[in-house]
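Each remark here refers to the structure printed beneath this line.
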Amino acid sequence: IKLAEYAGKVVWLNFWSAGSPTSLKQLPHLQEMYRTFGDKGLVVLGFNSIDDEALARGALRRHSVTYPSILDQSEWATEVLMNKYRPPGAAANYIIDREGKIAACWRGYFEGDQRGAKALEKQGIK
């Protein structure tokens with residue numbers, strides 16, 4: 001998966017881990033965003049380079065996640081993660097605008113969290 005494939009769309013990129021309770025709480029929320037706004041130009045992508053693939057796939061299944069999620073523990077994936085995005089930990093979120101620029105980023109998730117919705121609204125996704 002390459003972000004260039006989504007030029008002209010808004011991308012919500014979420015770095016997650018099956019070992020992070022916050023990440024696991026956020027998966028259903030991201031699924032709902034994907035379901036609600038996918039036809040309005042939003043792409044949701046998960047990225048997990050920490051967990052064993054079977055563990056990560058199990059978490060995705062348990063939370064009925066259907067949006068694409070990159071599961072890659074390779075050195076290349078770790079290098080991309082640490083050198084290009086440098087997330088401050090699991091449950092790190094990036095909103096990438098239609099031009100491919102980071103429009104918003106934050107870490108964490110809590111019930112009723114509106115940071116993502118507000119960032120999407122700024123990108124014209126309501």
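The way I read the labels, and the way they are meant: chains A, B, ... in the order of the structure tokens, residue 1 as the first residue of every chain, and ligand 1 as the first ligand shown, with later ones counted on from there.
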Residues near Leu45 in chain A, cut-off 8 Å, only C-alpha atoms, skip fewer than 2 positions along chain, as number ranges by chain: A: 11-14, 43, 47, 67-70
Output of the above residues as a PDB file, in the first residue's frame, restricted to N, CA, C and O atoms:
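Result file result.pdb:
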```pdb
ATOM      1  N   VAL A  11      -6.778  10.711   4.114  1.00  0.00           N
ATOM      2  CA  VAL A  11      -6.372   9.438   4.711  1.00  0.00           C
ATOM      3  C   VAL A  11      -6.239   9.603   6.219  1.00  0.00           C
ATOM      4  O   VAL A  11      -5.584  10.530   6.691  1.00  0.00           O
ATOM      5  N   TRP A  12      -6.873   8.702   6.954  1.00  0.00           N
ATOM      6  CA  TRP A  12      -6.679   8.610   8.403  1.00  0.00           C
ATOM      7  C   TRP A  12      -5.760   7.426   8.604  1.00  0.00           C
ATOM      8  O   TRP A  12      -6.136   6.279   8.421  1.00  0.00           O
ATOM      9  N   LEU A  13      -4.516   7.689   8.937  1.00  0.00           N
ATOM     10  CA  LEU A  13      -3.500   6.668   9.155  1.00  0.00           C
ATOM     11  C   LEU A  13      -3.360   6.449  10.657  1.00  0.00           C
ATOM     12  O   LEU A  13      -3.069   7.384  11.396  1.00  0.00           O
ATOM     13  N   ASN A  14      -3.589   5.211  11.089  1.00  0.00           N
ATOM     14  CA  ASN A  14      -3.555   4.878  12.503  1.00  0.00           C
ATOM     15  C   ASN A  14      -2.499   3.820  12.763  1.00  0.00           C
ATOM     16  O   ASN A  14      -2.533   2.741  12.178  1.00  0.00           O
ATOM     17  N   VAL A  43     -10.254   7.575   3.472  1.00  0.00           N
ATOM     18  CA  VAL A  43      -9.600   6.272   3.485  1.00  0.00           C
ATOM     19  C   VAL A  43      -9.047   6.085   4.887  1.00  0.00           C
ATOM     20  O   VAL A  43      -8.372   6.978   5.407  1.00  0.00           O
ATOM     21  N   PHE A  47      -1.808   0.542  10.555  1.00  0.00           N
ATOM     22  CA  PHE A  47      -0.414   0.132  10.360  1.00  0.00           C
ATOM     23  C   PHE A  47       0.077  -0.484  11.668  1.00  0.00           C
ATOM     24  O   PHE A  47       0.102   0.177  12.694  1.00  0.00           O
ATOM     25  N   TYR A  67     -11.444  -2.153   7.163  1.00  0.00           N
ATOM     26  CA  TYR A  67     -10.581  -1.223   6.442  1.00  0.00           C
ATOM     27  C   TYR A  67      -9.189  -1.840   6.321  1.00  0.00           C
ATOM     28  O   TYR A  67      -8.813  -2.704   7.112  1.00  0.00           O
ATOM     29  N   PRO A  68      -8.412  -1.422   5.321  1.00  0.00           N
ATOM     30  CA  PRO A  68      -7.077  -1.998   5.142  1.00  0.00           C
ATOM     31  C   PRO A  68      -6.165  -1.711   6.331  1.00  0.00           C
ATOM     32  O   PRO A  68      -6.173  -0.614   6.878  1.00  0.00           O
ATOM     33  N   SER A  69      -5.409  -2.718   6.717  1.00  0.00           N
ATOM     34  CA  SER A  69      -4.443  -2.549   7.796  1.00  0.00           C
ATOM     35  C   SER A  69      -3.156  -3.263   7.392  1.00  0.00           C
ATOM     36  O   SER A  69      -3.168  -4.455   7.096  1.00  0.00           O
ATOM     37  N   ILE A  70      -2.091  -2.521   7.363  1.00  0.00           N
ATOM     38  CA  ILE A  70      -0.783  -3.068   6.999  1.00  0.00           C
ATOM     39  C   ILE A  70      -0.231  -3.794   8.225  1.00  0.00           C
ATOM     40  O   ILE A  70      -0.134  -3.211   9.298  1.00  0.00           O
TER      41      ILE A  70
END
```
Which polymer residues have any atom within 8 Å of an atom of Ile95 in chain A, counting only C-alpha atoms, with same-chain residues fewer than 4 positions away left out, as a PDB file with N, CA and C atoms, in the first residue's frame?
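As written to disk, out.pdb reads:
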```
ATOM      1  N   VAL A  10      -8.734  11.954   1.533  1.00  0.00           N
ATOM      2  CA  VAL A  10      -8.238  12.205   2.879  1.00  0.00           C
ATOM      3  C   VAL A  10      -7.951  10.848   3.507  1.00  0.00           C
ATOM      4  N   VAL A  11      -6.778  10.711   4.114  1.00  0.00           N
ATOM      5  CA  VAL A  11      -6.372   9.438   4.711  1.00  0.00           C
ATOM      6  C   VAL A  11      -6.239   9.603   6.219  1.00  0.00           C
ATOM      7  N   TRP A  12      -6.873   8.702   6.954  1.00  0.00           N
ATOM      8  CA  TRP A  12      -6.679   8.610   8.403  1.00  0.00           C
ATOM      9  C   TRP A  12      -5.760   7.426   8.604  1.00  0.00           C
ATOM     10  N   LEU A  13      -4.516   7.689   8.937  1.00  0.00           N
ATOM     11  CA  LEU A  13      -3.500   6.668   9.155  1.00  0.00           C
ATOM     12  C   LEU A  13      -3.360   6.449  10.657  1.00  0.00           C
ATOM     13  N   ILE A 102       0.443  16.139   5.932  1.00  0.00           N
ATOM     14  CA  ILE A 102      -0.139  15.859   7.241  1.00  0.00           C
ATOM     15  C   ILE A 102      -0.905  17.094   7.706  1.00  0.00           C
ATOM     16  N   ALA A 103      -2.214  16.911   7.914  1.00  0.00           N
ATOM     17  CA  ALA A 103      -3.083  18.005   8.327  1.00  0.00           C
ATOM     18  C   ALA A 103      -3.309  18.018   9.834  1.00  0.00           C
ATOM     19  N   ALA A 104      -3.193  16.849  10.472  1.00  0.00           N
ATOM     20  CA  ALA A 104      -3.395  16.753  11.922  1.00  0.00           C
ATOM     21  C   ALA A 104      -2.731  15.479  12.417  1.00  0.00           C
ATOM     22  N   CYS A 105      -2.304  15.488  13.667  1.00  0.00           N
ATOM     23  CA  CYS A 105      -1.780  14.272  14.281  1.00  0.00           C
ATOM     24  C   CYS A 105      -1.980  14.367  15.784  1.00  0.00           C
ATOM     25  N   GLY A 116     -10.514  13.397  15.829  1.00  0.00           N
ATOM     26  CA  GLY A 116     -10.547  12.920  14.447  1.00  0.00           C
ATOM     27  C   GLY A 116     -11.671  13.546  13.657  1.00  0.00           C
ATOM     28  N   ALA A 119     -10.801  17.079  12.792  1.00  0.00           N
ATOM     29  CA  ALA A 119      -9.775  17.139  11.748  1.00  0.00           C
ATOM     30  C   ALA A 119     -10.369  16.810  10.389  1.00  0.00           C
ATOM     31  N   LEU A 120     -11.276  15.846  10.343  1.00  0.00           N
ATOM     32  CA  LEU A 120     -11.933  15.484   9.073  1.00  0.00           C
ATOM     33  C   LEU A 120     -12.821  16.620   8.596  1.00  0.00           C
TER      34      LEU A 120
END
```
Strand (DSSP E or B) residues, from DSSP on the backbone, in range 2-95 of chain A, as a PyMOL selection string: chain A and resi 10-15+42-48+69-71+92-95
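Among the candidates A:Ala90, A:Asn48, A:Gln31, A:Gly58, the residue lying nearest to Gln73 in chain A is A:Asn48 (atoms considered: only C-alpha atoms).
Counting only C-alpha atoms and comparing A:Arg62, A:Gln123, A:Ser20, A:Gly100, the residue that lies closest to Ala7 in chain A is A:Gly100.
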12 Å contact set for Ile50 in chain A, only C-alpha atoms, chain neighbours under 2 positions out, as a PyMOL selection string: chain A and resi 15-20+47-48+52-56+70-75+77-78+81-82+89-90
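A straight line drawn from CA of Asn83 in chain A to CA of Thr22 in chain A is 23.4 Å long.
Taking range 65-109 of chain A and asking which residues DSSP calls alpha helix (DSSP H) on the backbone, you get Glu75, Trp76, Ala77, Thr78, Glu79 and Val80 of chain A.
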